[in-house]
file input.pdb (PDB, C-alpha atoms, pLDDT in the B column)
ATOM      1  CA  MET A1235       0.000   0.000   0.000  1.00 41.00           C
ATOM      2  CA  ASN A1236       1.023   3.616  -0.105  1.00 39.00           C
ATOM      3  CA  SER A1237       0.977   7.155   1.109  1.00 37.00           C
ATOM      4  CA  THR A1238      -1.052   9.533  -1.034  1.00 36.00           C
ATOM      5  CA  ASN A1239      -0.908  12.615  -3.176  1.00 38.00           C
ATOM      6  CA  PRO A1240      -4.226  14.297  -4.115  1.00 34.00           C
ATOM      7  CA  GLN A1241      -2.627  15.391  -7.394  1.00 34.00           C
ATOM      8  CA  ALA A1242      -1.820  11.830  -8.472  1.00 36.00           C
ATOM      9  CA  ALA A1243      -2.488  11.072 -12.112  1.00 33.00           C
ATOM     10  CA  PRO A1244      -5.747   9.222 -12.757  1.00 32.00           C
ATOM     11  CA  ALA A1245      -5.519   5.559 -13.615  1.00 33.00           C
ATOM     12  CA  THR A1246      -6.800   4.173 -16.880  1.00 31.00           C
ATOM     13  CA  GLU A1247      -9.794   1.889 -16.372  1.00 34.00           C
ATOM     14  CA  GLN A1248     -10.740  -0.854 -18.794  1.00 33.00           C
ATOM     15  CA  THR A1249     -14.395  -1.278 -17.868  1.00 34.00           C
ATOM     16  CA  SER A1250     -17.274   1.137 -18.252  1.00 35.00           C
ATOM     17  CA  GLN A1251     -18.566   3.043 -15.267  1.00 37.00           C
ATOM     18  CA  ASP A1252     -21.791   1.023 -15.216  1.00 42.00           C
ATOM     19  CA  ASP A1253     -21.873  -0.707 -11.825  1.00 42.00           C
ATOM     20  CA  SER A1254     -23.920  -3.528 -13.327  1.00 38.00           C
ATOM     21  CA  SER A1255     -20.934  -4.826 -15.293  1.00 36.00           C
ATOM     22  CA  PRO A1256     -19.937  -8.284 -14.008  1.00 36.00           C
ATOM     23  CA  GLN A1257     -16.358  -7.955 -15.214  1.00 42.00           C
ATOM     24  CA  VAL A1258     -13.788  -7.455 -12.480  1.00 43.00           C
ATOM     25  CA  THR A1259     -10.628  -5.598 -13.496  1.00 40.00           C
ATOM     26  CA  THR A1260      -7.887  -3.484 -12.043  1.00 37.00           C
ATOM     27  CA  SER A1261      -6.285  -0.403 -13.506  1.00 38.00           C
ATOM     28  CA  THR A1262      -4.049  -0.723 -16.545  1.00 39.00           C
ATOM     29  CA  SER A1263      -1.835   2.112 -15.288  1.00 43.00           C
ATOM     30  CA  PRO A1264       0.961   1.360 -12.806  1.00 44.00           C
ATOM     31  CA  SER A1265      -0.194   1.797  -9.205  1.00 45.00           C
ATOM     32  CA  GLY A1266       1.623   4.524  -7.365  1.00 50.00           C
ATOM     33  CA  VAL A1267       1.706   7.005 -10.234  1.00 49.00           C
ATOM     34  CA  GLY A1268       2.097  10.371  -8.523  1.00 57.00           C
ATOM     35  CA  HIS A1269       2.539   8.937  -5.034  1.00 64.00           C
ATOM     36  CA  ILE A1270       4.933   6.610  -3.262  1.00 60.00           C
ATOM     37  CA  ARG A1271       3.846   2.983  -3.545  1.00 61.00           C
ATOM     38  CA  SER A1272       4.406   1.040  -0.328  1.00 54.00           C
ATOM     39  CA  PHE A1273       4.260  -2.415  -1.898  1.00 54.00           C
ATOM     40  CA  VAL A1274       6.448  -4.127  -4.464  1.00 54.00           C
ATOM     41  CA  HIS A1275       5.073  -6.516  -7.059  1.00 52.00           C
ATOM     42  CA  ARG A1276       7.178  -9.646  -6.925  1.00 52.00           C
ATOM     43  CA  ARG A1277       6.734 -13.261  -7.904  1.00 55.00           C
ATOM     44  CA  ALA A1278       4.890 -15.026  -5.104  1.00 62.00           C
ATOM     45  CA  HIS A1279       3.819 -18.617  -4.749  1.00 84.00           C
ATOM     46  CA  ILE A1280       0.121 -19.192  -5.269  1.00 93.00           C
ATOM     47  CA  THR A1281      -1.441 -22.562  -4.582  1.00 95.00           C
ATOM     48  CA  PRO A1282      -3.711 -24.321  -7.070  1.00 96.00           C
ATOM     49  CA  SER A1283      -6.666 -23.857  -4.719  1.00 96.00           C
ATOM     50  CA  GLN A1284      -5.995 -20.121  -4.428  1.00 96.00           C
ATOM     51  CA  LYS A1285      -5.773 -19.873  -8.229  1.00 96.00           C
ATOM     52  CA  GLU A1286      -9.038 -21.793  -8.549  1.00 97.00           C
ATOM     53  CA  ALA A1287     -10.672 -19.439  -6.051  1.00 97.00           C
ATOM     54  CA  LEU A1288      -9.484 -16.417  -8.040  1.00 96.00           C
ATOM     55  CA  ASP A1289     -10.902 -17.823 -11.262  1.00 96.00           C
ATOM     56  CA  ARG A1290     -14.221 -18.935  -9.787  1.00 97.00           C
ATOM     57  CA  LEU A1291     -15.009 -16.489  -6.985  1.00 98.00           C
ATOM     58  CA  MET A1292     -13.661 -13.092  -8.080  1.00 97.00           C
ATOM     59  CA  PRO A1293     -16.899 -12.237  -9.948  1.00 96.00           C
ATOM     60  CA  LEU A1294     -18.915 -13.048  -6.809  1.00 97.00           C
ATOM     61  CA  TRP A1295     -17.035 -11.164  -4.101  1.00 98.00           C
ATOM     62  CA  SER A1296     -14.673  -8.740  -5.871  1.00 98.00           C
ATOM     63  CA  LEU A1297     -15.310  -5.199  -7.074  1.00 98.00           C
ATOM     64  CA  SER A1298     -13.564  -3.379  -9.894  1.00 96.00           C
ATOM     65  CA  TYR A1299     -11.392  -0.369  -9.216  1.00 97.00           C
ATOM     66  CA  ARG A1300     -13.130   2.623 -10.802  1.00 96.00           C
ATOM     67  CA  LYS A1301     -12.334   6.303 -10.736  1.00 97.00           C
ATOM     68  CA  ALA A1302     -15.829   6.970  -9.431  1.00 98.00           C
ATOM     69  CA  PRO A1303     -17.546   6.775  -6.018  1.00 98.00           C
ATOM     70  CA  LEU A1304     -18.476   3.276  -4.924  1.00 98.00           C
ATOM     71  CA  ASN A1305     -22.183   2.585  -4.516  1.00 98.00           C
ATOM     72  CA  VAL A1306     -21.785   0.733  -1.227  1.00 98.00           C
ATOM     73  CA  GLU A1307     -25.434  -0.234  -0.797  1.00 98.00           C
ATOM     74  CA  LYS A1308     -25.489  -1.772  -4.272  1.00 98.00           C
ATOM     75  CA  ALA A1309     -22.127  -3.483  -3.812  1.00 98.00           C
ATOM     76  CA  PHE A1310     -23.217  -5.210  -0.596  1.00 98.00           C
ATOM     77  CA  GLY A1311     -26.935  -5.453  -1.253  1.00 98.00           C
ATOM     78  CA  ARG A1312     -27.748  -3.591   1.947  1.00 98.00           C
ATOM     79  CA  ASP A1313     -27.133  -0.412   3.926  1.00 98.00           C
ATOM     80  CA  ALA A1314     -24.773  -1.092   6.855  1.00 98.00           C
ATOM     81  CA  PRO A1315     -21.702   0.494   8.493  1.00 98.00           C
ATOM     82  CA  LEU A1316     -18.662   0.141   6.228  1.00 98.00           C
ATOM     83  CA  ILE A1317     -15.275  -0.963   7.579  1.00 99.00           C
ATOM     84  CA  LEU A1318     -12.266  -0.634   5.281  1.00 98.00           C
ATOM     85  CA  GLU A1319      -9.309  -2.996   5.728  1.00 98.00           C
ATOM     86  CA  ILE A1320      -6.076  -2.139   3.936  1.00 98.00           C
ATOM     87  CA  GLY A1321      -3.675  -4.977   3.198  1.00 96.00           C
ATOM     88  CA  PHE A1322      -5.551  -8.003   4.552  1.00 96.00           C
ATOM     89  CA  GLY A1323      -2.739 -10.468   3.811  1.00 94.00           C
ATOM     90  CA  MET A1324      -4.146 -14.006   3.711  1.00 95.00           C
ATOM     91  CA  GLY A1325      -7.491 -12.858   5.075  1.00 96.00           C
ATOM     92  CA  GLU A1326      -7.562 -14.790   8.356  1.00 95.00           C
ATOM     93  CA  THR A1327      -8.286 -11.757  10.520  1.00 96.00           C
ATOM     94  CA  THR A1328     -10.672 -10.228   7.985  1.00 97.00           C
ATOM     95  CA  GLN A1329     -12.862 -13.301   7.909  1.00 97.00           C
ATOM     96  CA  LYS A1330     -12.915 -13.738  11.686  1.00 97.00           C
ATOM     97  CA  ILE A1331     -13.901 -10.119  12.323  1.00 98.00           C
ATOM     98  CA  ALA A1332     -16.541 -10.133   9.576  1.00 98.00           C
ATOM     99  CA  ASP A1333     -17.970 -13.365  10.957  1.00 98.00           C
ATOM    100  CA  ALA A1334     -18.152 -11.898  14.473  1.00 97.00           C
ATOM    101  CA  ARG A1335     -19.703  -8.626  13.230  1.00 98.00           C
ATOM    102  CA  PRO A1336     -22.384  -9.657  10.714  1.00 98.00           C
ATOM    103  CA  ASP A1337     -24.122  -6.280  10.941  1.00 98.00           C
ATOM    104  CA  ASP A1338     -21.103  -4.486   9.432  1.00 98.00           C
ATOM    105  CA  ASN A1339     -19.901  -4.463   5.814  1.00 98.00           C
ATOM    106  CA  PHE A1340     -16.173  -5.112   5.246  1.00 98.00           C
ATOM    107  CA  LEU A1341     -14.275  -3.866   2.205  1.00 98.00           C
ATOM    108  CA  GLY A1342     -10.797  -5.387   1.959  1.00 98.00           C
ATOM    109  CA  ILE A1343      -8.019  -4.017  -0.242  1.00 98.00           C
ATOM    110  CA  GLU A1344      -5.105  -6.250  -1.218  1.00 97.00           C
ATOM    111  CA  VAL A1345      -2.785  -6.323  -4.225  1.00 95.00           C
ATOM    112  CA  PHE A1346      -1.323  -9.823  -4.091  1.00 94.00           C
ATOM    113  CA  ASN A1347      -3.008 -12.737  -5.840  1.00 96.00           C
ATOM    114  CA  ALA A1348      -2.182 -15.291  -3.160  1.00 96.00           C
ATOM    115  CA  GLY A1349      -3.850 -13.216  -0.435  1.00 96.00           C
ATOM    116  CA  VAL A1350      -6.910 -12.439  -2.529  1.00 97.00           C
ATOM    117  CA  GLY A1351      -7.261 -16.105  -3.462  1.00 98.00           C
ATOM    118  CA  ALA A1352      -6.853 -17.149   0.170  1.00 97.00           C
ATOM    119  CA  LEU A1353      -9.576 -14.793   1.393  1.00 98.00           C
ATOM    120  CA  LEU A1354     -11.896 -15.863  -1.417  1.00 98.00           C
ATOM    121  CA  LYS A1355     -11.417 -19.465  -0.269  1.00 98.00           C
ATOM    122  CA  ARG A1356     -12.207 -18.477   3.314  1.00 98.00           C
ATOM    123  CA  ILE A1357     -15.387 -16.679   2.232  1.00 98.00           C
ATOM    124  CA  ASP A1358     -16.470 -19.678   0.178  1.00 97.00           C
ATOM    125  CA  GLU A1359     -15.860 -22.106   3.028  1.00 97.00           C
ATOM    126  CA  GLY A1360     -17.176 -19.860   5.817  1.00 97.00           C
ATOM    127  CA  GLY A1361     -20.246 -18.483   4.078  1.00 97.00           C
ATOM    128  CA  GLN A1362     -19.692 -14.807   4.949  1.00 97.00           C
ATOM    129  CA  THR A1363     -21.714 -12.456   2.755  1.00 98.00           C
ATOM    130  CA  ASN A1364     -20.516  -9.149   4.251  1.00 98.00           C
ATOM    131  CA  ILE A1365     -17.032  -9.052   2.662  1.00 98.00           C
ATOM    132  CA  ARG A1366     -16.055  -7.504  -0.662  1.00 98.00           C
ATOM    133  CA  ILE A1367     -12.541  -7.251  -2.139  1.00 98.00           C
ATOM    134  CA  ILE A1368     -10.830  -4.690  -4.347  1.00 98.00           C
ATOM    135  CA  GLN A1369      -7.465  -5.805  -5.739  1.00 97.00           C
ATOM    136  CA  HIS A1370      -5.770  -2.495  -6.324  1.00 96.00           C
ATOM    137  CA  ASP A1371      -3.574   0.249  -4.875  1.00 96.00           C
ATOM    138  CA  ALA A1372      -5.163   1.387  -1.604  1.00 97.00           C
ATOM    139  CA  VAL A1373      -4.429   5.091  -2.042  1.00 96.00           C
ATOM    140  CA  GLU A1374      -6.220   5.201  -5.377  1.00 97.00           C
ATOM    141  CA  VAL A1375      -9.201   3.251  -4.034  1.00 98.00           C
ATOM    142  CA  VAL A1376      -9.603   5.530  -1.016  1.00 98.00           C
ATOM    143  CA  ARG A1377      -9.051   8.686  -3.038  1.00 98.00           C
ATOM    144  CA  ASP A1378     -11.293   7.803  -5.965  1.00 98.00           C
ATOM    145  CA  MET A1379     -13.956   5.421  -4.633  1.00 98.00           C
ATOM    146  CA  ILE A1380     -14.619   6.231  -0.969  1.00 98.00           C
ATOM    147  CA  VAL A1381     -16.680   9.370  -0.429  1.00 98.00           C
ATOM    148  CA  PRO A1382     -15.943  11.716   2.499  1.00 98.00           C
ATOM    149  CA  ASP A1383     -17.586  11.089   5.876  1.00 98.00           C
ATOM    150  CA  SER A1384     -18.690   7.568   4.927  1.00 98.00           C
ATOM    151  CA  LEU A1385     -16.525   5.010   6.746  1.00 99.00           C
ATOM    152  CA  ALA A1386     -17.353   3.606  10.177  1.00 99.00           C
ATOM    153  CA  GLY A1387     -13.806   2.286  10.581  1.00 98.00           C
ATOM    154  CA  VAL A1388     -10.424   1.583   9.013  1.00 98.00           C
ATOM    155  CA  HIS A1389      -8.235  -1.414   9.866  1.00 98.00           C
ATOM    156  CA  ILE A1390      -4.505  -1.437   9.064  1.00 98.00           C
ATOM    157  CA  TYR A1391      -2.983  -4.560  10.584  1.00 96.00           C
ATOM    158  CA  PHE A1392       0.733  -5.344  10.391  1.00 94.00           C
ATOM    159  CA  PRO A1393       1.575  -3.356   7.260  1.00 95.00           C
ATOM    160  CA  ASP A1394       4.998  -3.823   5.710  1.00 94.00           C
ATOM    161  CA  PRO A1395       7.365  -2.101   8.186  1.00 95.00           C
ATOM    162  CA  TRP A1396      10.047  -1.279   5.598  1.00 94.00           C
ATOM    163  CA  PRO A1397      12.657  -1.526   8.379  1.00 94.00           C
ATOM    164  CA  LYS A1398      15.601   0.084   6.591  1.00 95.00           C
ATOM    165  CA  ASN A1399      15.825   3.811   7.198  1.00 95.00           C
ATOM    166  CA  ARG A1400      16.066   4.614   3.512  1.00 94.00           C
ATOM    167  CA  HIS A1401      12.777   2.787   2.918  1.00 93.00           C
ATOM    168  CA  HIS A1402      10.749   4.466   5.676  1.00 95.00           C
ATOM    169  CA  LYS A1403       9.241   6.781   3.058  1.00 93.00           C
ATOM    170  CA  ARG A1404       7.434   3.740   1.659  1.00 94.00           C
ATOM    171  CA  ARG A1405       5.557   3.045   4.877  1.00 96.00           C
ATOM    172  CA  LEU A1406       1.806   3.221   4.500  1.00 96.00           C
ATOM    173  CA  VAL A1407       1.095   5.324   7.591  1.00 97.00           C
ATOM    174  CA  GLN A1408       2.270   8.768   6.467  1.00 97.00           C
ATOM    175  CA  PRO A1409       0.638  12.188   7.113  1.00 98.00           C
ATOM    176  CA  PRO A1410      -0.926  12.670   3.642  1.00 97.00           C
ATOM    177  CA  PHE A1411      -2.576   9.241   3.630  1.00 98.00           C
ATOM    178  CA  VAL A1412      -3.770   9.525   7.219  1.00 98.00           C
ATOM    179  CA  ALA A1413      -5.324  12.903   6.347  1.00 98.00           C
ATOM    180  CA  LEU A1414      -7.096  11.277   3.401  1.00 98.00           C
ATOM    181  CA  LEU A1415      -8.371   8.411   5.553  1.00 98.00           C
ATOM    182  CA  ALA A1416      -9.554  10.801   8.258  1.00 98.00           C
ATOM    183  CA  SER A1417     -11.543  12.757   5.675  1.00 98.00           C
ATOM    184  CA  ARG A1418     -13.307   9.534   4.621  1.00 98.00           C
ATOM    185  CA  LEU A1419     -14.299   8.618   8.189  1.00 99.00           C
ATOM    186  CA  ALA A1420     -17.711   9.579   9.445  1.00 98.00           C
ATOM    187  CA  PRO A1421     -17.660  11.529  12.729  1.00 98.00           C
ATOM    188  CA  GLY A1422     -17.090   8.954  15.456  1.00 98.00           C
ATOM    189  CA  GLY A1423     -15.466   6.520  13.032  1.00 98.00           C
ATOM    190  CA  TYR A1424     -12.159   4.961  13.986  1.00 98.00           C
ATOM    191  CA  ILE A1425      -8.746   4.046  12.604  1.00 98.00           C
ATOM    192  CA  HIS A1426      -7.212   0.944  14.175  1.00 98.00           C
ATOM    193  CA  CYS A1427      -3.569   0.141  13.418  1.00 98.00           C
ATOM    194  CA  ALA A1428      -1.427  -2.696  14.726  1.00 96.00           C
ATOM    195  CA  THR A1429       2.268  -3.445  14.199  1.00 95.00           C
ATOM    196  CA  ASP A1430       4.980  -5.626  15.690  1.00 92.00           C
ATOM    197  CA  TRP A1431       7.746  -3.139  14.812  1.00 93.00           C
ATOM    198  CA  GLU A1432       8.335  -0.696  17.673  1.00 95.00           C
ATOM    199  CA  ASN A1433       9.884   1.970  15.464  1.00 96.00           C
ATOM    200  CA  TYR A1434       6.880   1.859  13.134  1.00 97.00           C
ATOM    201  CA  ALA A1435       4.536   1.994  16.139  1.00 97.00           C
ATOM    202  CA  GLU A1436       6.278   5.187  17.237  1.00 98.00           C
ATOM    203  CA  GLN A1437       5.844   6.653  13.755  1.00 98.00           C
ATOM    204  CA  MET A1438       2.178   5.640  13.687  1.00 98.00           C
ATOM    205  CA  LEU A1439       1.572   7.289  17.063  1.00 98.00           C
ATOM    206  CA  GLU A1440       3.284  10.486  15.933  1.00 98.00           C
ATOM    207  CA  VAL A1441       1.471  10.679  12.596  1.00 98.00           C
ATOM    208  CA  LEU A1442      -1.989   9.823  13.929  1.00 98.00           C
ATOM    209  CA  SER A1443      -1.611  12.216  16.880  1.00 98.00           C
ATOM    210  CA  ALA A1444      -0.706  15.055  14.495  1.00 98.00           C
ATOM    211  CA  GLU A1445      -3.851  14.672  12.387  1.00 98.00           C
ATOM    212  CA  PRO A1446      -6.305  17.371  13.590  1.00 98.00           C
ATOM    213  CA  LEU A1447      -9.424  15.356  12.708  1.00 98.00           C
ATOM    214  CA  LEU A1448      -8.387  12.453  14.950  1.00 98.00           C
ATOM    215  CA  VAL A1449      -8.208  11.937  18.696  1.00 98.00           C
ATOM    216  CA  ASN A1450      -6.473   9.084  20.508  1.00 98.00           C
ATOM    217  CA  THR A1451      -8.802   6.763  22.421  1.00 98.00           C
ATOM    218  CA  ALA A1452      -5.974   5.810  24.785  1.00 98.00           C
ATOM    219  CA  SER A1453      -3.069   7.438  26.536  1.00 98.00           C
ATOM    220  CA  GLY A1454      -0.498   6.370  23.976  1.00 98.00           C
ATOM    221  CA  TYR A1455      -0.974   2.804  22.748  1.00 98.00           C
ATOM    222  CA  ALA A1456      -4.256   0.946  23.151  1.00 98.00           C
ATOM    223  CA  GLN A1457      -5.047  -2.514  24.443  1.00 96.00           C
ATOM    224  CA  ARG A1458      -5.810  -5.017  21.689  1.00 96.00           C
ATOM    225  CA  PRO A1459      -9.600  -4.849  21.342  1.00 96.00           C
ATOM    226  CA  GLU A1460     -11.542  -8.097  21.610  1.00 95.00           C
ATOM    227  CA  PHE A1461     -12.714  -7.855  18.008  1.00 96.00           C
ATOM    228  CA  ARG A1462      -9.150  -8.127  16.651  1.00 97.00           C
ATOM    229  CA  PRO A1463      -8.188 -11.816  16.907  1.00 96.00           C
ATOM    230  CA  GLN A1464      -4.645 -12.763  17.738  1.00 92.00           C
ATOM    231  CA  THR A1465      -3.162 -14.493  14.697  1.00 82.00           C
ATOM    232  CA  LYS A1466      -0.911 -17.548  14.904  1.00 81.00           C
ATOM    233  CA  PHE A1467       2.047 -15.432  13.753  1.00 76.00           C
ATOM    234  CA  GLU A1468       1.349 -12.836  16.438  1.00 87.00           C
ATOM    235  CA  THR A1469       1.012 -15.551  19.072  1.00 87.00           C
ATOM    236  CA  ARG A1470       4.339 -17.037  18.029  1.00 83.00           C
ATOM    237  CA  GLY A1471       5.994 -13.612  18.142  1.00 80.00           C
ATOM    238  CA  LEU A1472       4.645 -12.839  21.586  1.00 88.00           C
ATOM    239  CA  ARG A1473       5.907 -16.213  22.792  1.00 89.00           C
ATOM    240  CA  LEU A1474       9.360 -15.207  21.550  1.00 85.00           C
ATOM    241  CA  GLY A1475       9.158 -11.925  23.436  1.00 87.00           C
ATOM    242  CA  HIS A1476       8.274  -9.658  20.514  1.00 88.00           C
ATOM    243  CA  GLY A1477       6.006  -6.705  21.168  1.00 94.00           C
ATOM    244  CA  VAL A1478       2.759  -5.801  19.419  1.00 95.00           C
ATOM    245  CA  TRP A1479       1.358  -2.279  19.489  1.00 96.00           C
ATOM    246  CA  ASP A1480      -2.266  -1.296  18.798  1.00 97.00           C
ATOM    247  CA  LEU A1481      -3.417   2.259  18.146  1.00 98.00           C
ATOM    248  CA  ILE A1482      -7.066   3.335  17.984  1.00 98.00           C
ATOM    249  CA  PHE A1483      -7.970   6.901  16.981  1.00 99.00           C
ATOM    250  CA  ARG A1484     -11.451   8.334  16.395  1.00 98.00           C
ATOM    251  CA  ARG A1485     -12.679  11.023  14.032  1.00 98.00           C
ATOM    252  CA  GLN A1486     -13.877  14.052  15.948  1.00 95.00           C
TER
END

call {"tool": "encode", "arguments": {"input": "input.pdb", "output": "structure tokens"}}
result
Amino acid sequence: MNSTNPQAAPATEQTSQDDSSPQVTTSTSPSGVGHIRSFVHRRAHITPSQKEALDRLMPLWSLSYRKAPLNVEKAFGRDAPLILEIGFGMGETTQKIADARPDDNFLGIEVFNAGVGALLKRIDEGGQTNIRIIQHDAVEVVRDMIVPDSLAGVHIYFPDPWPKNRHHKRRLVQPPFVALLASRLAPGGYIHCATDWENYAEQMLEVLSAEPLLVNTASGYAQRPEFRPQTKFETRGLRLGHGVWDLIFRRQ
């Protein structure tokens, strides 16, 4: 994922702007045009079952990137609070939270085929109907498709920490992107971040605290809320003595 620049060049979209189109596509322009991209496309292993899920289930649960506001009620078939998750990885946490909160709609953004295929498999096996996926650059989705004052929450769990100092500029949680996310939150909506890199946690706390639309719900870092399940990787890290930091800020 990425930080953002409101002046970023528009992407070129293959499909028409008619929301009834069943075709699911992503932009033909390179993601990150005009802003720093915080992910790198690289060859990644994808299992046959994940590939099968992509081929069979994308038309059912995926939405096309479009340079136009998303009709959320039409996309989900109902009017419900919308939670945006950026970079859902293999989708374990996304599915568990969506299953525990059936009255909320969850829109997950991920760029990697393996993760999208994995979450599609989980949806198919678990029967959740309140999850939709957009496979595209998160900055462009938020900027172009999410209208202001519309989100009930934003989840950013364990984003790439880009640990080398020279790569810190690629971190997702940067002031311009946080300002954009805050503008898309409805009053009272929240941003929940979690990381297992202390230096990134410090940056997150600094950036979120500096955004005038947001207020910290805790004195510093927050306790992990019950709705965020502890993943097997997090459990293993905690067993090894690694820290995990949660931050929860609300839109004023």

call {"tool": "resolve_selection", "arguments": {"input": "input.pdb", "expression": "the PyMOL selection byres ((chain A and resi 1380-1384) around 8)", "output": "ChimeraX atom specification"}}
result
/A:1303-1304,1316,1375-1379,1385-1386,1417-1421

call {"tool": "atom_distance", "arguments": {"input": "input.pdb", "atom1": "atom CA of A:Gln1437", "atom2": "atom CA of A:Val1373"}}
result
18.9 Å

call {"tool": "closest_residue", "arguments": {"input": "input.pdb", "among": "A:Pro1282, A:Pro1410, A:Pro1395, A:Gly1360", "to": "A:Glu1436", "atoms": "all atoms listed in the file"}}
result
A:Pro1395

call {"tool": "resolve_selection", "arguments": {"input": "input.pdb", "expression": "the PyMOL selection byres ((chain A and resi 1454) around 12)", "output": "ChimeraX atom specification"}}
result
/A:1435-1436,1438-1440,1442-1443,1449-1453,1455-1457,1479-1483

call {"tool": "residues_near_point", "arguments": {"input": "input.pdb", "point": "(-14.2, -7.9, -3.0)", "cutoff": "7 Å", "atoms": "all atoms listed in the file", "output": "list in words"}}
result
Trp1295, Ser1296, Leu1297, Leu1341, Gly1342, Ile1365, Arg1366, Ile1367 and Ile1368 of chain A

call {"tool": "atom_distance", "arguments": {"input": "input.pdb", "atom1": "atom CA of A:Ala1352", "atom2": "atom CA of A:Met1324"}}
result
5.5 Å

call {"tool": "atom_distance", "arguments": {"input": "input.pdb", "atom1": "atom CA of A:Gln1408", "atom2": "atom CA of A:Asn1364"}}
result
29.1 Å

call {"tool": "closest_residue", "arguments": {"input": "input.pdb", "among": "A:Val1350, A:Leu1318, A:Ile1343, A:Ala1372", "to": "A:Ile1425", "atoms": "only C-alpha atoms"}}
result
A:Leu1318

call {"tool": "closest_residue", "arguments": {"input": "input.pdb", "among": "A:Ile1320, A:Val1407, A:Ala1428, A:Val1441", "to": "A:Pro1463", "atoms": "all atoms listed in the file"}}
result
A:Ala1428

call {"tool": "closest_residue", "arguments": {"input": "input.pdb", "among": "A:Glu1460, A:Asp1337, A:Glu1319, A:Glu1374", "to": "A:Phe1411", "atoms": "all atoms listed in the file"}}
result
A:Glu1374

call {"tool": "closest_residue", "arguments": {"input": "input.pdb", "among": "A:Thr1429, A:Lys1398, A:Val1412, A:Leu1291", "to": "A:Ala1444", "atoms": "only C-alpha atoms"}}
result
A:Val1412

call {"tool": "resolve_selection", "arguments": {"input": "input.pdb", "expression": "the PyMOL selection byres ((chain A and resi 1484) around 6)", "output": "ChimeraX atom specification"}}
result
/A:1422-1424,1448-1449,1483,1485

call {"tool": "axis_aligned_box", "arguments": {"input": "input.pdb", "around": "stretch 1393-1408 of chain A", "padding_each_side": "4 Å", "output": "AutoDock Vina command-line options"}}
result
--center_x 8.6 --center_y 2.5 --center_z 5.0 --size_x 23.0 --size_y 20.6 --size_z 14.7

call {"tool": "closest_residue", "arguments": {"input": "input.pdb", "among": "A:Leu1406, A:Gly1361, A:Asn1433, A:Pro1393", "to": "A:Gly1477", "atoms": "only C-alpha atoms"}}
result
A:Asn1433

call {"tool": "residues_around", "arguments": {"input": "input.pdb", "residues": "A:Ile1331", "least_positions_apart": "3", "cutoff": "8 Å", "atoms": "all atoms listed in the file", "output": "list in words"}}
result
Thr1327, Thr1328, Ala1334, Arg1335, Phe1461, Arg1462 and Pro1463 of chain A
